[in-house]
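Engineer: Mind having a look at this structure? Questions to follow.
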Amino acid sequence: MAWGRVYRLLIMSAMAAGAIALAYTRGGGSVWFLAMVLAGIWGLSAASLLFLMVRVRAVRTLAAETVAPGETLQAELKIRHTSLLPLLWVAVTDRWTRVQDGEEFKVTRLAYPGFSRSFTVRYRLSGLPRGEYRFEGTELVSGDLWGMAVKRRRIPLFGGFAVLPEVRPLAASPAPRDRGGEEPSLRLLFNGGGGVPGSTVRPYTRGDPLRSVHWRSTARTGELMTRAVEPAEESRYMIFLDADAGAYGGEAGALLFETGVEYAAGLLKLASDERLEAGLAVGGRTEVWLPPAVRPDFASSHRLLARVHPDGGPSLTGLLSAKGEELQRGAYTFVVITPALREETVEALARLRASNRPAAVLLLRAGALLSPAERERKRKLAHAGCPVMEAAPAARRRAVMLHADQTGA
């Protein structure tokens, strides 16, 4: 109970006592009527504190523990109470917190149970940002009709849910290269056939198209030779998401990180659909590590991506070096998602390429031009055979919508 309402109740007590004393000393019907009214208000207020919500129980039910982007979360609170007076009104507040940054949310609804000993409050949530959410409990507030006495009951209803990130498909068009031509799109890494198909040369047979004739081999052997395309090897992929908080500064930092998470989800979803082997590594104080698996479980990785956030944990360079050594025996393609081409990251990728380890970079940009140093690092990666594809975040508006209703009133 707030101190302001305590003072109001004390003032009402003093007024009622003064009116009764005045009635005894001066008499008169109007004075006695005033004394009775004030005493009645004070008595009902005091009774509300004593006899409303003597015992309260509640159960929260969620329609799902994970919410896909754009979907609405349905929640229901079933409340039972024991009160010796009619519960004329009650305000029900459910609170929850986003684990990543501690941002708080709440929904409050007013119900009028009256003589009913149970009632239900339902609410729907939409537009919540990606993240893991933890309920902080439920609070019920009730009291008298005029707000002189208010009683609060807190119910330790915990639990949580997750809002999953969007799955952003890979860009179909390649990005322009600094010195003419085009860089390959990252989509080529997930072409359903694994790596880049190879080719051999075999003798020409009737029915082979003329455009497949390999004229150099024909001239060397003296007979028609044709190219035979071999199926690509089954490829393996490791996705590294840069979670260094220092790389996501400025107004666009949060949006850039969300874009990186969405691209990581898109890569994992495509690997799962195409039955490719892929894994995920995200640095930070709580490192996220999904070892490579054939057709990775996208549901579990999607849930993991819901809780990642940039912090001051291990650097991307350290993560690349550690996992590069760990996965040295496998023919993995390292896909790095980062908003900054740091010198140490470029050197780590160049070392991977020097050991014939495929690598590619998805560079997150917020519209700003690359600095001269970044352009030089990009050229260094291109020279090492590591393509760099730039991606800009899509503009979005955040609108958290709370819809609530109650039954049983």
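Ordering of the structure tokens sets the chain letters (A, B, ...), residue numbers begin anew at 1 in every chain, and ligands are numbered from 1 in the order given.
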Identify, on the basis of only C-alpha atoms, every residue whose closest approach to stretch 314-327 of chain A does not exceed 10 Å; exclude the query and any residue fewer than 2 positions from it along the same chain; express the result as a PyMOL selection string.
Structural biologist: chain A and resi 238+240-246+281-287+289+291-292+311-312+329-332+334+336-338+342-349+351-352+357
Engineer: Pull N, CA and C atoms from the residues just selected and write them as a CSV table (one decimal), in the first residue's frame.
Structural biologist:
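So selection.csv came out as:
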chain,number,residue,atom,x,y,z
A,238,MET,N,30.7,-23.6,-41.7
A,238,MET,CA,30.7,-23.0,-40.3
A,238,MET,C,30.4,-21.5,-40.4
A,240,PHE,N,30.1,-18.0,-38.6
A,240,PHE,CA,30.7,-17.2,-37.5
A,240,PHE,C,30.0,-15.8,-37.5
A,241,LEU,N,29.3,-15.6,-36.4
A,241,LEU,CA,28.6,-14.3,-36.2
A,241,LEU,C,29.4,-13.4,-35.3
A,242,ASP,N,29.8,-12.3,-35.7
A,242,ASP,CA,30.6,-11.4,-34.9
A,242,ASP,C,29.6,-10.8,-33.8
A,243,ALA,N,30.0,-11.0,-32.5
A,243,ALA,CA,29.1,-10.5,-31.4
A,243,ALA,C,29.9,-9.5,-30.5
A,244,ASP,N,31.0,-8.9,-31.1
A,244,ASP,CA,31.8,-8.0,-30.3
A,244,ASP,C,31.0,-6.7,-30.2
A,245,ALA,N,30.7,-6.2,-29.0
A,245,ALA,CA,29.9,-5.0,-28.8
A,245,ALA,C,30.6,-3.8,-29.5
A,246,GLY,N,31.9,-3.8,-29.5
A,246,GLY,CA,32.6,-2.6,-30.1
A,246,GLY,C,32.4,-2.4,-31.5
A,281,ALA,N,28.8,-20.5,-34.7
A,281,ALA,CA,29.6,-20.1,-33.6
A,281,ALA,C,29.4,-18.6,-33.4
A,282,VAL,N,29.0,-18.2,-32.2
A,282,VAL,CA,28.8,-16.8,-31.8
A,282,VAL,C,29.6,-16.5,-30.6
A,283,GLY,N,30.5,-15.5,-30.6
A,283,GLY,CA,31.3,-15.2,-29.5
A,283,GLY,C,30.5,-14.4,-28.5
A,284,GLY,N,31.1,-14.1,-27.3
A,284,GLY,CA,30.4,-13.4,-26.3
A,284,GLY,C,30.7,-14.0,-24.9
A,285,ARG,N,30.2,-13.4,-23.9
A,285,ARG,CA,30.4,-13.9,-22.5
A,285,ARG,C,29.8,-15.3,-22.4
A,286,THR,N,28.7,-15.5,-23.1
A,286,THR,CA,28.1,-16.9,-23.1
A,286,THR,C,28.2,-17.3,-24.6
A,287,GLU,N,29.3,-18.1,-24.9
A,287,GLU,CA,29.5,-18.5,-26.2
A,287,GLU,C,28.5,-19.5,-26.7
A,289,TRP,N,27.8,-22.3,-29.5
A,289,TRP,CA,28.5,-23.1,-30.3
A,289,TRP,C,27.6,-24.3,-30.7
A,291,PRO,N,28.0,-27.4,-33.0
A,291,PRO,CA,28.9,-28.2,-33.9
A,291,PRO,C,28.3,-28.5,-35.2
A,292,PRO,N,29.0,-28.6,-36.3
A,292,PRO,CA,28.5,-28.9,-37.6
A,292,PRO,C,27.7,-30.3,-37.6
A,311,ASP,N,28.2,-8.4,-26.8
A,311,ASP,CA,28.8,-8.0,-25.5
A,311,ASP,C,30.3,-8.0,-25.6
A,312,GLY,N,31.0,-8.0,-24.5
A,312,GLY,CA,32.4,-7.9,-24.5
A,312,GLY,C,33.1,-9.2,-24.4
A,329,ARG,N,40.5,-30.9,-39.8
A,329,ARG,CA,40.5,-32.1,-40.6
A,329,ARG,C,39.3,-32.1,-41.6
A,330,GLY,N,38.3,-31.3,-41.4
A,330,GLY,CA,37.1,-31.3,-42.3
A,330,GLY,C,37.2,-30.2,-43.3
A,331,ALA,N,36.6,-30.4,-44.5
A,331,ALA,CA,36.7,-29.4,-45.5
A,331,ALA,C,35.5,-28.4,-45.3
A,332,TYR,N,35.7,-27.5,-44.4
A,332,TYR,CA,34.7,-26.6,-44.0
A,332,TYR,C,34.9,-25.3,-44.7
A,334,PHE,N,34.2,-21.4,-44.2
A,334,PHE,CA,34.0,-20.5,-43.1
A,334,PHE,C,33.3,-19.3,-43.6
A,336,VAL,N,31.8,-15.8,-42.5
A,336,VAL,CA,31.9,-14.8,-41.4
A,336,VAL,C,30.9,-13.7,-41.7
A,337,ILE,N,30.1,-13.4,-40.6
A,337,ILE,CA,29.1,-12.3,-40.7
A,337,ILE,C,29.6,-11.2,-39.7
A,338,THR,N,30.0,-10.0,-40.2
A,338,THR,CA,30.6,-9.0,-39.4
A,338,THR,C,30.3,-7.6,-40.0
A,342,ARG,N,38.2,-5.8,-39.6
A,342,ARG,CA,39.4,-5.5,-38.8
A,342,ARG,C,40.6,-6.2,-39.4
A,343,GLU,N,41.7,-5.6,-39.1
A,343,GLU,CA,43.0,-6.1,-39.7
A,343,GLU,C,43.2,-7.5,-39.1
A,344,GLU,N,43.0,-7.8,-37.8
A,344,GLU,CA,43.2,-9.1,-37.3
A,344,GLU,C,42.3,-10.2,-37.9
A,345,THR,N,41.0,-9.7,-38.2
A,345,THR,CA,40.1,-10.7,-38.8
A,345,THR,C,40.5,-11.0,-40.2
A,346,VAL,N,41.0,-10.0,-41.0
A,346,VAL,CA,41.5,-10.2,-42.3
A,346,VAL,C,42.7,-11.2,-42.3
A,347,GLU,N,43.6,-11.0,-41.4
A,347,GLU,CA,44.7,-11.9,-41.3
A,347,GLU,C,44.3,-13.3,-41.0
A,348,ALA,N,43.4,-13.5,-40.1
A,348,ALA,CA,42.9,-14.8,-39.7
A,348,ALA,C,42.3,-15.5,-40.9
A,349,LEU,N,41.5,-14.8,-41.7
A,349,LEU,CA,40.9,-15.3,-42.9
A,349,LEU,C,41.9,-15.6,-44.0
A,351,ARG,N,45.0,-16.5,-43.4
A,351,ARG,CA,45.7,-17.7,-43.0
A,351,ARG,C,44.8,-19.0,-43.4
A,352,LEU,N,43.5,-18.9,-43.2
A,352,LEU,CA,42.7,-20.0,-43.6
A,352,LEU,C,42.8,-20.2,-45.1
A,357,ARG,N,41.6,-23.4,-47.1
A,357,ARG,CA,40.3,-23.5,-46.4
A,357,ARG,C,39.4,-22.4,-47.0
Engineer: Can you pull out the residues contacting A:Pro86? Cut-off 12 Å, using only C-alpha atoms, and skip same-chain residues under 6 positions away; I want them as a PDB file with C-alpha atoms, in the first residue's frame.
Structural biologist:
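File part34.pdb, as written:
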ATOM      1  CA  LEU A  44     -15.374  -0.046   4.523  1.00  0.00           C
ATOM      2  CA  ALA A  47     -12.505  -3.834   5.892  1.00  0.00           C
ATOM      3  CA  SER A  48     -11.173  -3.850   2.335  1.00  0.00           C
ATOM      4  CA  PHE A  51     -11.020  -9.068   3.959  1.00  0.00           C
ATOM      5  CA  LEU A  52     -10.221  -8.617   0.259  1.00  0.00           C
ATOM      6  CA  MET A  53      -7.935 -11.172  -1.447  1.00  0.00           C
ATOM      7  CA  VAL A  54      -7.191 -13.112   1.721  1.00  0.00           C
ATOM      8  CA  TYR A 112     -14.766  -6.656 -12.095  1.00  0.00           C
ATOM      9  CA  PRO A 113     -15.253 -10.104 -10.523  1.00  0.00           C
ATOM     10  CA  GLY A 114     -17.888  -9.024  -7.971  1.00  0.00           C
ATOM     11  CA  PHE A 115     -19.046 -12.093  -6.054  1.00  0.00           C
ATOM     12  CA  SER A 116     -17.272 -14.518  -8.399  1.00  0.00           C
ATOM     13  CA  ARG A 117     -14.391 -16.377  -6.812  1.00  0.00           C
ATOM     14  CA  SER A 118     -12.559 -16.925 -10.100  1.00  0.00           C
ATOM     15  CA  SER A 142      -7.787  -4.109  -5.394  1.00  0.00           C
ATOM     16  CA  GLY A 143      -9.425  -1.930  -2.755  1.00  0.00           C
ATOM     17  CA  ASP A 144     -12.458   0.174  -1.902  1.00  0.00           C
ATOM     18  CA  LEU A 145     -14.558   2.171  -4.348  1.00  0.00           C
ATOM     19  CA  ALA A 409     -16.644 -10.589 -14.423  1.00  0.00           C
TER      20      ALA A 409
END
Engineer: Mind pulling up the distance from atom CA of A:Val261 to atom CA of A:Pro393?
Structural biologist: 11.0 Å
Engineer: Just to confirm, what's the straight-line distance from atom CA of A:Ser371 to atom CA of A:Arg168 in Å (one decimal)?
Structural biologist: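 So the answer is 26.8 Å.
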Engineer: Would you compute the distance between atom CA of A:Ser355 and atom CA of A:Ala340? Give it in Å to one decimal.
Structural biologist: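 Distance reported for this atom pair: 23.5 Å.
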Engineer: Excluding A:Thr221 and residues on its chain fewer than 5 positions from it, collect all residues at most 10 Å away from it, counting only C-alpha atoms, and give them as a PyMOL selection string.
Structural biologist: chain A and resi 203+215-216
Engineer: Write out as CSV a residue-level contact list of stretch 214-293 of chain A versus stretch 130-138 of chain A with cut-off 12 Å: for each qualifying residue the closest pair of atoms and the distance in Å to one decimal, counting only C-alpha atoms, rows sorted by chain and residue number upward.
Structural biologist:
residue,atom,partner,partner_atom,distance
A:Ala254,CA,A:Arg130,CA,11.4
A:Leu255,CA,A:Arg130,CA,11.5
A:Phe257,CA,A:Arg130,CA,11.2
A:Glu258,CA,A:Arg130,CA,8.3
A:Thr259,CA,A:Arg130,CA,11.4
A:Val261,CA,A:Arg130,CA,9.8
A:Glu262,CA,A:Arg130,CA,10.2
Engineer: Extract, using only C-alpha atoms, all DNA, RNA and protein residues at most 12 Å from A:Glu65, discarding same-chain residues fewer than 4 positions from it, and format them as a list of chain:residue names.
Structural biologist: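 Near A:Glu65, the qualifying residues are A:Thr61, A:Thr72, A:Leu73, A:Gln74, A:Ala75, A:Glu132, A:Tyr133, A:Arg134, A:Gly159, A:Gly160, A:Phe161, A:Ala162, A:Val163, A:Leu164, A:Arg303.
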Engineer: Per DSSP on the backbone, filter stretch 17-63 of chain A down to the residues in strand (DSSP E) and report them as a list in words.
Structural biologist: Arg55, Val56, Arg57, Ala58, Val59, Arg60, Thr61 and Leu62 of chain A
Engineer: May I have the residues within 12 Å of A:Ser300 as number ranges by chain, using only C-alpha atoms and disregarding those fewer than 6 positions away in the same chain?
Structural biologist: A: 66, 162, 164, 265, 268-269, 272, 279-280, 288-290, 306-307
Engineer: Keeping N, CA and C atoms, export the residues of the selection given above as a short mmCIF file (atom, residue, chain, number, x, y, z; two decimals), in the first residue's frame.
Structural biologist:
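So again19.cif came out as:
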data_model
loop_
_atom_site.label_atom_id
_atom_site.label_comp_id
_atom_site.auth_asym_id
_atom_site.auth_seq_id
_atom_site.Cartn_x
_atom_site.Cartn_y
_atom_site.Cartn_z
N THR A 66 7.64 -20.44 -28.04
CA THR A 66 8.39 -19.67 -29.03
C THR A 66 7.41 -18.98 -29.96
N ALA A 162 10.28 -17.15 -25.99
CA ALA A 162 11.29 -16.61 -26.89
C ALA A 162 10.62 -16.08 -28.15
N LEU A 164 11.54 -15.44 -31.84
CA LEU A 164 12.58 -15.90 -32.76
C LEU A 164 12.96 -14.81 -33.76
N ALA A 265 20.40 -16.96 -39.47
CA ALA A 265 19.23 -17.84 -39.48
C ALA A 265 18.91 -18.30 -40.90
N LEU A 268 21.42 -21.08 -41.91
CA LEU A 268 21.13 -22.35 -41.24
C LEU A 268 19.85 -22.98 -41.79
N LYS A 269 18.87 -22.14 -42.09
CA LYS A 269 17.63 -22.68 -42.65
C LYS A 269 17.89 -23.30 -44.02
N SER A 272 19.66 -26.58 -43.60
CA SER A 272 18.74 -27.62 -43.15
C SER A 272 17.86 -28.11 -44.28
N GLY A 279 27.31 -25.55 -39.11
CA GLY A 279 27.37 -25.27 -37.69
C GLY A 279 27.38 -23.77 -37.47
N LEU A 280 27.30 -23.37 -36.21
CA LEU A 280 27.21 -21.95 -35.86
C LEU A 280 28.12 -21.66 -34.68
N VAL A 288 27.98 -19.21 -27.94
CA VAL A 288 27.05 -20.12 -28.59
C VAL A 288 27.84 -20.95 -29.59
N TRP A 289 27.76 -22.25 -29.45
CA TRP A 289 28.52 -23.14 -30.32
C TRP A 289 27.65 -24.32 -30.70
N LEU A 290 27.28 -24.39 -31.97
CA LEU A 290 26.56 -25.53 -32.51
C LEU A 290 27.52 -26.27 -33.42
N ALA A 306 17.76 -16.61 -30.85
CA ALA A 306 16.85 -15.66 -30.21
C ALA A 306 17.50 -14.96 -29.03
N ARG A 307 18.49 -15.60 -28.41
CA ARG A 307 19.04 -15.03 -27.18
C ARG A 307 20.42 -14.41 -27.34
#
Engineer: Restricting the calculation to only C-alpha atoms, which member of A:Trp96, A:Tyr237, A:Phe105, A:Trp89 is positioned closest to A:Trp146?
Structural biologist: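 Nearest to A:Trp146: A:Trp89.
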Engineer: Just the helix (DSSP H, G or I) stuff from stretch 247-359 of chain A, please, per backbone DSSP, written as a ChimeraX atom specification.
Structural biologist: /A:247-248,253-273,298-307,316-326,343-354
Engineer: For each of A:Met15, A:Ile20, A:Leu270, A:Leu34, take the minimum atom-to-atom distance to A:Pro169, counting only C-alpha atoms, then give the residue where this is smallest.
Structural biologist: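 Nearest candidate to A:Pro169 out of A:Met15, A:Ile20, A:Leu270, A:Leu34: A:Leu270.
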Engineer: What are the closest atom pairs, with distances in Å to one decimal, for each residue of stretch 269-366 of chain A lying within 6 Å of stretch 383-390 of chain A, using only C-alpha atoms, rows by chain and rising residue number, as a Markdown table?
Structural biologist:
| residue | atom | partner | partner_atom | distance |
| --- | --- | --- | --- | --- |
| A:Ala359 | CA | A:Cys386 | CA | 5.4 |
| A:Ala360 | CA | A:Pro387 | CA | 5.1 |
| A:Val361 | CA | A:Val388 | CA | 4.7 |
| A:Leu362 | CA | A:Met389 | CA | 4.9 |
| A:Leu363 | CA | A:Glu390 | CA | 4.7 |
| A:Leu364 | CA | A:Glu390 | CA | 6.0 |
Engineer: Write out the residues from the selection above, keeping N, CA and C atoms, as a compact mmCIF listing (two decimals), in the first residue's frame.
Structural biologist:
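So out32.txt came out as:
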# COMPACT_ATOMS: atom_id res chain seq x y z
N ALA A 359 36.63 -19.65 -47.53
CA ALA A 359 36.08 -18.66 -46.60
C ALA A 359 35.36 -17.58 -47.40
N ALA A 360 34.37 -16.97 -46.77
CA ALA A 360 33.63 -15.87 -47.38
C ALA A 360 33.17 -14.95 -46.27
N VAL A 361 32.93 -13.68 -46.60
CA VAL A 361 32.54 -12.67 -45.61
C VAL A 361 31.24 -12.01 -46.06
N LEU A 362 30.31 -11.90 -45.14
CA LEU A 362 29.11 -11.09 -45.33
C LEU A 362 29.30 -9.82 -44.50
N LEU A 363 29.55 -8.72 -45.17
CA LEU A 363 29.87 -7.47 -44.50
C LEU A 363 28.59 -6.65 -44.33
N LEU A 364 28.22 -6.38 -43.09
CA LEU A 364 27.02 -5.63 -42.78
C LEU A 364 27.33 -4.15 -42.83
